[in-house]
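With PDB, C-alpha atoms and all ligand atoms inside, this is coords_5.pdb:
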```
ATOM      1  CA  MET A   1      97.332 141.549 182.128  1.00  0.00           C
ATOM      2  CA  SER A   2     100.405 140.135 180.443  1.00  0.00           C
ATOM      3  CA  GLU A   3     103.511 142.198 179.971  1.00  0.00           C
ATOM      4  CA  VAL A   4     104.115 143.506 176.470  1.00  0.00           C
ATOM      5  CA  ILE A   5     107.499 142.176 175.479  1.00  0.00           C
ATOM      6  CA  SER A   6     107.637 142.811 171.769  1.00  0.00           C
ATOM      7  CA  ASN A   7     106.820 145.600 169.396  1.00  0.00           C
ATOM      8  CA  ASP A   8     104.281 143.566 167.444  1.00  0.00           C
ATOM      9  CA  GLU A   9     101.741 146.383 166.993  1.00  0.00           C
ATOM     10  CA  LYS A  10     102.561 146.692 163.310  1.00  0.00           C
ATOM     11  CA  TYR A  11     101.484 143.147 162.421  1.00  0.00           C
ATOM     12  CA  PRO A  12      98.774 142.140 161.987  1.00  0.00           C
ATOM     13  CA  LYS A  13      97.321 145.507 162.892  1.00  0.00           C
ATOM     14  CA  ASP A  14      93.885 144.557 164.190  1.00  0.00           C
ATOM     15  CA  ALA A  15      94.589 140.988 165.303  1.00  0.00           C
ATOM     16  CA  LYS A  16      94.067 139.810 168.859  1.00  0.00           C
ATOM     17  CA  LEU A  17      96.469 138.202 171.305  1.00  0.00           C
ATOM     18  CA  LEU A  18      95.464 134.679 172.325  1.00  0.00           C
ATOM     19  CA  ASP A  19      96.379 132.778 175.492  1.00  0.00           C
ATOM     20  CA  ILE A  20      99.058 130.138 174.999  1.00  0.00           C
ATOM     21  CA  VAL A  21      98.429 126.852 176.833  1.00  0.00           C
ATOM     22  CA  THR A  22     101.374 125.165 178.500  1.00  0.00           C
ATOM     23  CA  TYR A  23     102.481 121.571 178.982  1.00  0.00           C
ATOM     24  CA  PRO A  24     100.967 119.260 180.220  1.00  0.00           C
ATOM     25  CA  ASP A  25      97.581 120.722 179.154  1.00  0.00           C
ATOM     26  CA  PRO A  26      95.485 117.856 177.636  1.00  0.00           C
ATOM     27  CA  VAL A  27      94.821 119.771 174.388  1.00  0.00           C
ATOM     28  CA  LEU A  28      98.537 119.422 173.587  1.00  0.00           C
ATOM     29  CA  LYS A  29      98.129 115.614 173.675  1.00  0.00           C
ATOM     30  CA  LYS A  30      95.218 115.422 171.222  1.00  0.00           C
ATOM     31  CA  ILE A  31      95.420 114.502 167.541  1.00  0.00           C
ATOM     32  CA  ALA A  32      94.139 117.656 165.842  1.00  0.00           C
ATOM     33  CA  SER A  33      91.349 117.412 163.262  1.00  0.00           C
ATOM     34  CA  SER A  34      91.538 118.608 159.659  1.00  0.00           C
ATOM     35  CA  VAL A  35      90.292 122.021 158.612  1.00  0.00           C
ATOM     36  CA  THR A  36      87.263 121.675 156.329  1.00  0.00           C
ATOM     37  CA  GLU A  37      85.895 125.217 156.286  1.00  0.00           C
ATOM     38  CA  PHE A  38      87.846 127.964 154.616  1.00  0.00           C
ATOM     39  CA  GLY A  39      86.706 131.554 155.000  1.00  0.00           C
ATOM     40  CA  PRO A  40      86.985 134.777 157.004  1.00  0.00           C
ATOM     41  CA  GLU A  41      86.827 132.989 160.370  1.00  0.00           C
ATOM     42  CA  LEU A  42      89.875 130.871 159.521  1.00  0.00           C
ATOM     43  CA  GLU A  43      91.704 133.936 158.200  1.00  0.00           C
ATOM     44  CA  THR A  44      91.030 135.801 161.475  1.00  0.00           C
ATOM     45  CA  LEU A  45      92.215 132.841 163.550  1.00  0.00           C
ATOM     46  CA  CYS A  46      95.468 132.629 161.558  1.00  0.00           C
ATOM     47  CA  GLN A  47      96.090 136.380 161.890  1.00  0.00           C
ATOM     48  CA  ASN A  48      95.477 136.164 165.657  1.00  0.00           C
ATOM     49  CA  MET A  49      97.889 133.227 165.857  1.00  0.00           C
ATOM     50  CA  LEU A  50     100.565 135.199 163.977  1.00  0.00           C
ATOM     51  CA  LYS A  51     100.085 138.197 166.253  1.00  0.00           C
ATOM     52  CA  THR A  52     100.377 135.936 169.323  1.00  0.00           C
ATOM     53  CA  MET A  53     103.516 134.297 167.908  1.00  0.00           C
ATOM     54  CA  TYR A  54     105.283 137.611 167.191  1.00  0.00           C
ATOM     55  CA  HIS A  55     104.220 138.971 170.554  1.00  0.00           C
ATOM     56  CA  ALA A  56     105.659 136.047 172.537  1.00  0.00           C
ATOM     57  CA  PRO A  57     108.035 136.248 170.580  1.00  0.00           C
ATOM     58  CA  GLY A  58     108.414 132.837 168.960  1.00  0.00           C
ATOM     59  CA  ILE A  59     109.195 131.453 165.498  1.00  0.00           C
ATOM     60  CA  GLY A  60     106.196 129.104 165.266  1.00  0.00           C
ATOM     61  CA  LEU A  61     102.784 128.461 166.803  1.00  0.00           C
ATOM     62  CA  ALA A  62     100.371 125.565 166.255  1.00  0.00           C
ATOM     63  CA  ALA A  63      96.600 125.807 166.861  1.00  0.00           C
ATOM     64  CA  PRO A  64      96.591 123.288 169.787  1.00  0.00           C
ATOM     65  CA  GLN A  65      98.903 125.723 171.607  1.00  0.00           C
ATOM     66  CA  ILE A  66      96.053 128.227 171.772  1.00  0.00           C
ATOM     67  CA  GLY A  67      93.581 125.491 172.740  1.00  0.00           C
ATOM     68  CA  ILE A  68      92.193 124.778 169.258  1.00  0.00           C
ATOM     69  CA  SER A  69      92.646 121.177 168.115  1.00  0.00           C
ATOM     70  CA  LYS A  70      92.817 121.882 164.365  1.00  0.00           C
ATOM     71  CA  ARG A  71      95.546 121.134 161.816  1.00  0.00           C
ATOM     72  CA  ILE A  72      96.906 124.676 161.491  1.00  0.00           C
ATOM     73  CA  PHE A  73     100.260 126.239 162.258  1.00  0.00           C
ATOM     74  CA  VAL A  74     101.904 129.561 161.551  1.00  0.00           C
ATOM     75  CA  LEU A  75     105.589 130.388 161.532  1.00  0.00           C
ATOM     76  CA  ASP A  76     108.240 132.909 160.617  1.00  0.00           C
ATOM     77  CA  VAL A  77     111.858 131.776 160.731  1.00  0.00           C
ATOM     78  CA  ASP A  78     113.110 134.936 158.994  1.00  0.00           C
ATOM     79  CA  TYR A  79     112.108 137.884 161.156  1.00  0.00           C
ATOM     80  CA  ASN A  80     114.618 139.979 163.097  1.00  0.00           C
ATOM     81  CA  ARG A  81     114.221 140.567 166.787  1.00  0.00           C
ATOM     82  CA  GLU A  82     116.258 143.485 168.112  1.00  0.00           C
ATOM     83  CA  PRO A  83     116.207 144.394 171.802  1.00  0.00           C
ATOM     84  CA  LEU A  84     115.188 148.031 172.360  1.00  0.00           C
ATOM     85  CA  ASP A  85     117.536 150.115 174.499  1.00  0.00           C
ATOM     86  CA  ASP A  86     114.914 151.913 176.551  1.00  0.00           C
ATOM     87  CA  GLU A  87     113.091 148.950 178.111  1.00  0.00           C
ATOM     88  CA  ALA A  88     114.919 145.745 178.886  1.00  0.00           C
ATOM     89  CA  ASN A  89     112.163 143.345 177.838  1.00  0.00           C
ATOM     90  CA  ARG A  90     110.914 145.042 174.685  1.00  0.00           C
ATOM     91  CA  HIS A  91     111.930 143.999 171.196  1.00  0.00           C
ATOM     92  CA  GLU A  92     111.667 145.603 167.796  1.00  0.00           C
ATOM     93  CA  ILE A  93     110.439 143.079 165.249  1.00  0.00           C
ATOM     94  CA  SER A  94     111.236 143.645 161.561  1.00  0.00           C
ATOM     95  CA  ASP A  95     111.538 141.881 158.210  1.00  0.00           C
ATOM     96  CA  LEU A  96     108.438 139.805 158.766  1.00  0.00           C
ATOM     97  CA  ASN A  97     107.806 136.748 156.601  1.00  0.00           C
ATOM     98  CA  PRO A  98     104.585 135.276 158.043  1.00  0.00           C
ATOM     99  CA  ARG A  99     103.645 131.793 156.823  1.00  0.00           C
ATOM    100  CA  ILE A 100     100.409 129.843 157.305  1.00  0.00           C
ATOM    101  CA  PHE A 101     100.097 126.052 156.888  1.00  0.00           C
ATOM    102  CA  ILE A 102      96.689 124.332 156.907  1.00  0.00           C
ATOM    103  CA  ASN A 103      96.255 120.523 156.838  1.00  0.00           C
ATOM    104  CA  PRO A 104      99.995 119.951 156.325  1.00  0.00           C
ATOM    105  CA  VAL A 105     101.326 116.533 155.340  1.00  0.00           C
ATOM    106  CA  LEU A 106     105.048 115.824 155.607  1.00  0.00           C
ATOM    107  CA  LYS A 107     106.761 113.409 153.229  1.00  0.00           C
ATOM    108  CA  ASP A 108     110.083 112.374 151.686  1.00  0.00           C
ATOM    109  CA  PRO A 109     112.288 112.965 154.736  1.00  0.00           C
ATOM    110  CA  GLU A 110     116.028 113.127 154.030  1.00  0.00           C
ATOM    111  CA  GLY A 111     119.083 113.270 156.295  1.00  0.00           C
ATOM    112  CA  GLN A 112     119.436 113.988 159.996  1.00  0.00           C
ATOM    113  CA  THR A 113     120.051 117.188 161.895  1.00  0.00           C
ATOM    114  CA  THR A 114     120.117 118.274 165.525  1.00  0.00           C
ATOM    115  CA  TYR A 115     118.941 121.645 166.767  1.00  0.00           C
ATOM    116  CA  GLN A 116     118.396 123.168 170.197  1.00  0.00           C
ATOM    117  CA  GLU A 117     114.628 123.640 170.296  1.00  0.00           C
ATOM    118  CA  GLY A 118     112.292 125.492 172.586  1.00  0.00           C
ATOM    119  CA  CYS A 119     108.509 125.856 172.610  1.00  0.00           C
ATOM    120  CA  LEU A 120     106.092 128.570 173.731  1.00  0.00           C
ATOM    121  CA  SER A 121     104.075 125.832 175.511  1.00  0.00           C
ATOM    122  CA  VAL A 122     107.156 124.564 177.358  1.00  0.00           C
ATOM    123  CA  PRO A 123     108.539 127.701 179.010  1.00  0.00           C
ATOM    124  CA  GLU A 124     112.248 127.964 179.773  1.00  0.00           C
ATOM    125  CA  VAL A 125     113.171 124.523 178.437  1.00  0.00           C
ATOM    126  CA  PHE A 126     115.681 124.209 175.586  1.00  0.00           C
ATOM    127  CA  ASP A 127     117.221 120.962 174.414  1.00  0.00           C
ATOM    128  CA  ASP A 128     118.716 119.250 171.362  1.00  0.00           C
ATOM    129  CA  VAL A 129     116.198 117.390 169.208  1.00  0.00           C
ATOM    130  CA  GLN A 130     116.921 115.122 166.227  1.00  0.00           C
ATOM    131  CA  ARG A 131     115.010 115.993 163.067  1.00  0.00           C
ATOM    132  CA  HIS A 132     115.142 115.278 159.372  1.00  0.00           C
ATOM    133  CA  GLU A 133     117.354 117.706 157.518  1.00  0.00           C
ATOM    134  CA  LYS A 134     115.102 118.025 154.491  1.00  0.00           C
ATOM    135  CA  ILE A 135     111.377 117.485 154.147  1.00  0.00           C
ATOM    136  CA  THR A 136     108.597 118.038 151.616  1.00  0.00           C
ATOM    137  CA  VAL A 137     105.381 119.560 152.931  1.00  0.00           C
ATOM    138  CA  GLU A 138     101.997 119.489 151.215  1.00  0.00           C
ATOM    139  CA  TYR A 139      99.604 122.023 152.695  1.00  0.00           C
ATOM    140  CA  GLN A 140      96.686 124.339 152.016  1.00  0.00           C
ATOM    141  CA  ASP A 141      96.660 128.116 152.352  1.00  0.00           C
ATOM    142  CA  VAL A 142      93.866 130.120 154.047  1.00  0.00           C
ATOM    143  CA  ASN A 143      91.854 129.989 150.819  1.00  0.00           C
ATOM    144  CA  GLY A 144      92.127 126.207 150.611  1.00  0.00           C
ATOM    145  CA  ASN A 145      94.539 126.213 147.658  1.00  0.00           C
ATOM    146  CA  LYS A 146      97.018 123.324 147.682  1.00  0.00           C
ATOM    147  CA  HIS A 147     100.783 123.798 147.685  1.00  0.00           C
ATOM    148  CA  GLU A 148     103.875 121.641 147.912  1.00  0.00           C
ATOM    149  CA  GLU A 149     107.296 122.779 149.042  1.00  0.00           C
ATOM    150  CA  THR A 150     110.631 121.090 149.777  1.00  0.00           C
ATOM    151  CA  VAL A 151     112.404 122.769 152.676  1.00  0.00           C
ATOM    152  CA  GLU A 152     115.608 122.471 154.687  1.00  0.00           C
ATOM    153  CA  GLY A 153     117.456 124.249 157.499  1.00  0.00           C
ATOM    154  CA  LEU A 154     115.539 126.023 160.249  1.00  0.00           C
ATOM    155  CA  LEU A 155     112.331 126.131 158.195  1.00  0.00           C
ATOM    156  CA  SER A 156     112.384 122.327 157.913  1.00  0.00           C
ATOM    157  CA  ILE A 157     113.046 121.917 161.658  1.00  0.00           C
ATOM    158  CA  CYS A 158     110.293 124.390 162.557  1.00  0.00           C
ATOM    159  CA  ILE A 159     107.747 122.700 160.268  1.00  0.00           C
ATOM    160  CA  GLN A 160     108.531 119.308 161.860  1.00  0.00           C
ATOM    161  CA  HIS A 161     108.216 120.786 165.379  1.00  0.00           C
ATOM    162  CA  GLU A 162     104.883 122.484 164.599  1.00  0.00           C
ATOM    163  CA  ASN A 163     103.529 119.457 162.733  1.00  0.00           C
ATOM    164  CA  ASP A 164     104.275 117.318 165.811  1.00  0.00           C
ATOM    165  CA  HIS A 165     101.932 119.593 167.805  1.00  0.00           C
ATOM    166  CA  LEU A 166      99.103 118.575 165.439  1.00  0.00           C
ATOM    167  CA  ASP A 167      99.801 114.939 166.328  1.00  0.00           C
ATOM    168  CA  GLY A 168      99.824 115.605 170.074  1.00  0.00           C
ATOM    169  CA  ILE A 169     103.610 115.566 170.407  1.00  0.00           C
ATOM    170  CA  VAL A 170     105.581 118.184 172.333  1.00  0.00           C
ATOM    171  CA  PHE A 171     109.348 118.369 171.626  1.00  0.00           C
ATOM    172  CA  ILE A 172     110.429 117.198 175.091  1.00  0.00           C
ATOM    173  CA  GLU A 173     108.676 113.893 174.347  1.00  0.00           C
ATOM    174  CA  LYS A 174     111.286 113.249 171.659  1.00  0.00           C
ATOM    175  CA  LEU A 175     114.064 113.286 174.278  1.00  0.00           C
ATOM    176  CA  SER A 176     115.178 110.383 176.505  1.00  0.00           C
ATOM    177  CA  SER A 177     112.639 109.271 179.141  1.00  0.00           C
ATOM    178  CA  LEU A 178     115.072 110.462 181.830  1.00  0.00           C
ATOM    179  CA  LYS A 179     115.078 113.996 180.402  1.00  0.00           C
ATOM    180  CA  LEU A 180     111.337 113.954 179.758  1.00  0.00           C
ATOM    181  CA  ASN A 181     110.616 113.000 183.378  1.00  0.00           C
ATOM    182  CA  TYR A 182     112.967 115.699 184.632  1.00  0.00           C
ATOM    183  CA  TYR A 183     111.367 118.427 182.481  1.00  0.00           C
ATOM    184  CA  ARG A 184     107.832 117.203 183.204  1.00  0.00           C
ATOM    185  CA  LYS A 185     108.383 117.452 186.972  1.00  0.00           C
ATOM    186  CA  LYS A 186     110.005 120.843 186.567  1.00  0.00           C
ATOM    187  CA  LEU A 187     107.080 122.174 184.494  1.00  0.00           C
ATOM    188  CA  ILE A 188     104.388 120.822 186.830  1.00  0.00           C
ATOM    189  CA  LYS A 189     106.215 122.327 189.815  1.00  0.00           C
ATOM    190  CA  GLU A 190     106.480 125.653 188.000  1.00  0.00           C
ATOM    191  CA  LYS A 191     102.746 125.611 187.128  1.00  0.00           C
ATOM    192  CA  LYS A 192     101.788 124.894 190.750  1.00  0.00           C
ATOM    193  CA  ARG A 193     103.971 127.761 191.900  1.00  0.00           C
ATOM    194  CA  THR A 194     102.359 130.139 189.376  1.00  0.00           C
ATOM    195  CA  PHE A 195      98.805 129.208 190.332  1.00  0.00           C
ATOM    196  CA  SER A 196      99.254 129.132 194.119  1.00  0.00           C
ATOM    197  CA  VAL A 197     100.132 132.777 194.763  1.00  0.00           C
ATOM    198  CA  PRO A 198      98.225 133.583 197.982  1.00  0.00           C
ATOM    199  CA  ASP A 199      95.732 136.446 198.125  1.00  0.00           C
ATOM    200  CA  ASN A 200      96.612 139.231 200.536  1.00  0.00           C
ATOM    201  CA  ASP A 201      93.171 139.806 202.027  1.00  0.00           C
TER     202      ASP A 201
HETATM  203 NI    NI B 301     106.126 124.172 170.080  1.00  0.00          NI
END
```
Take the structure in the file and give it back as structure tokens.
Amino acid sequence: MSEVISNDEKYPKDAKLLDIVTYPDPVLKKIASSVTEFGPELETLCQNMLKTMYHAPGIGLAAPQIGISKRIFVLDVDYNREPLDDEANRHEISDLNPRIFINPVLKDPEGQTTYQEGCLSVPEVFDDVQRHEKITVEYQDVNGNKHEETVEGLLSICIQHENDHLDGIVFIEKLSSLKLNYYRKKLIKEKKRTFSVPDND
């Protein structure tokens, strides 16, 4: 059983935690397909993704990261994460602003910005990635209604990072090939270590 590291019980109350797949899992390399059915099943999936994201805790999560190759991501760049005094690895999460993006399309990129990114599917790797400063996103909500929004700052960076997941791109693949090779080796080594713990029988 995984260790509870954040106080995410409050949101969403009855949602389930999903397993996050890590690089280089093949599902992370696939081009995700569009969502065509809107209804309670999609709503439940999105709530489970939000719960999983807050639990991690992370600021964004795309469907391929939980093994579902669909054009969906959730994010919250506004919430506060305060460490609790009593237990070193527990966090209090407040001021939630959960967002859901279905079938997003990015357009009208403007400017350049660099931000140190990380990813729940690429544990313990953080590096500077170049992104557009400003972007317009067309997307659908869980009911299938269409929206359009022009965003900048961390929200813009996060949307570009999550949208890349839908196109089979993980942030380390936007770095130099030297860095990518270094991180790839590191991650594969780490995975082998995790899965080769000997049984004591
Ligand atoms: Ni990511």
Checklist entry - Got a sec to check which residues lie within 12 Å of ligand NI 301 (chain B), using only C-alpha atoms and all ligand atoms, and send them as a PyMOL selection string? => result chain A and resi 20-23+28+53+58-66+73-75+117-123+125-126+157-173
Item to check | Residue nearest Leu42 of chain A - candidates A:Arg131, A:Lys30, A:Lys70, A:His55, atoms counted: all atoms listed in the file | outcome: A:Lys70
Next on the checklist: Counting all atoms listed in the file, which residue out of A:Lys192, A:Pro24, A:Pro83, A:Thr36 sits closest to Gly144 of chain A?
Outcome noted: A:Thr36
Item to check | Residues matched by the PyMOL selection byres (((chain A and resi 37) around 12) and not hetatm), written as a PyMOL selection string | outcome: chain A and resi 33-36+38-43+70-71+102-103+140-144
Report, as JSON, the axis-aligned box around all atoms of segment 141-158 of chain A present in the file, extended by 3 Å on each side; give centre and edge lengths in Å to one decimal place.
```
{"center_x": 104.7, "center_y": 125.6, "center_z": 155.1, "size_x": 31.6, "size_y": 15.0, "size_z": 20.9}
```
Item to check | Reference answer for the PyMOL selection byres (((chain A and resi 134) around 6) and not hetatm), as a list in words | outcome: Pro109, Glu110, His132, Glu133, Ile135, Val151 and Glu152 of chain A
Item to check | Nearest to Gly111 of chain A, chosen from A:Asn97, A:Asn145, A:Ser156, A:Ser69, with all atoms listed in the file counted in the distances | outcome: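 Ranked by minimum distance to Gly111 of chain A, first place goes to A:Ser156.
Shortest separation to Asp128 of chain A among A:Lys179, A:Lys191, A:His91, A:Lys146 occurs at residue A:Lys179, atoms counted being all atoms listed in the file.
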Item to check | Neighbours of point (112.9, 128.7, 159.1) within 6 Å, using only C-alpha atoms, written as an MDAnalysis selection string | outcome: chainID A and resid 77 154:155
Checklist entry - What is the atom CA of Thr52 of chain A to atom CA of Lys16 of chain A distance in Å? => result 7.4 Å
Item to check | Pairwise distance for atom CA of Tyr54 of chain A and atom CA of Gln116 of chain A, rounded to one decimal in Å | outcome: 19.7 Å
Sorted by chain and rising residue number, which residues of segment 65-151 of chain A lie within 9 Å of segment 174-178 of chain A, and what are their closest atom pairs and distances in Å to one decimal, counting only C-alpha atoms, as a Markdown table?
```
| residue | atom | partner | partner_atom | distance |
| --- | --- | --- | --- | --- |
| A:Asp127 | CA | A:Leu175 | CA | 8.3 |
| A:Asp128 | CA | A:Leu175 | CA | 8.1 |
| A:Val129 | CA | A:Leu175 | CA | 6.9 |
| A:Gln130 | CA | A:Lys174 | CA | 8.0 |
```
Checklist entry - For Glu92 of chain A, which of A:Asn48, A:Asn80, A:Asn181, A:Thr194 is the closest residue, counting all atoms listed in the file? => result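 Using all atoms listed in the file, the shortest distance to Glu92 of chain A belongs to A:Asn80.
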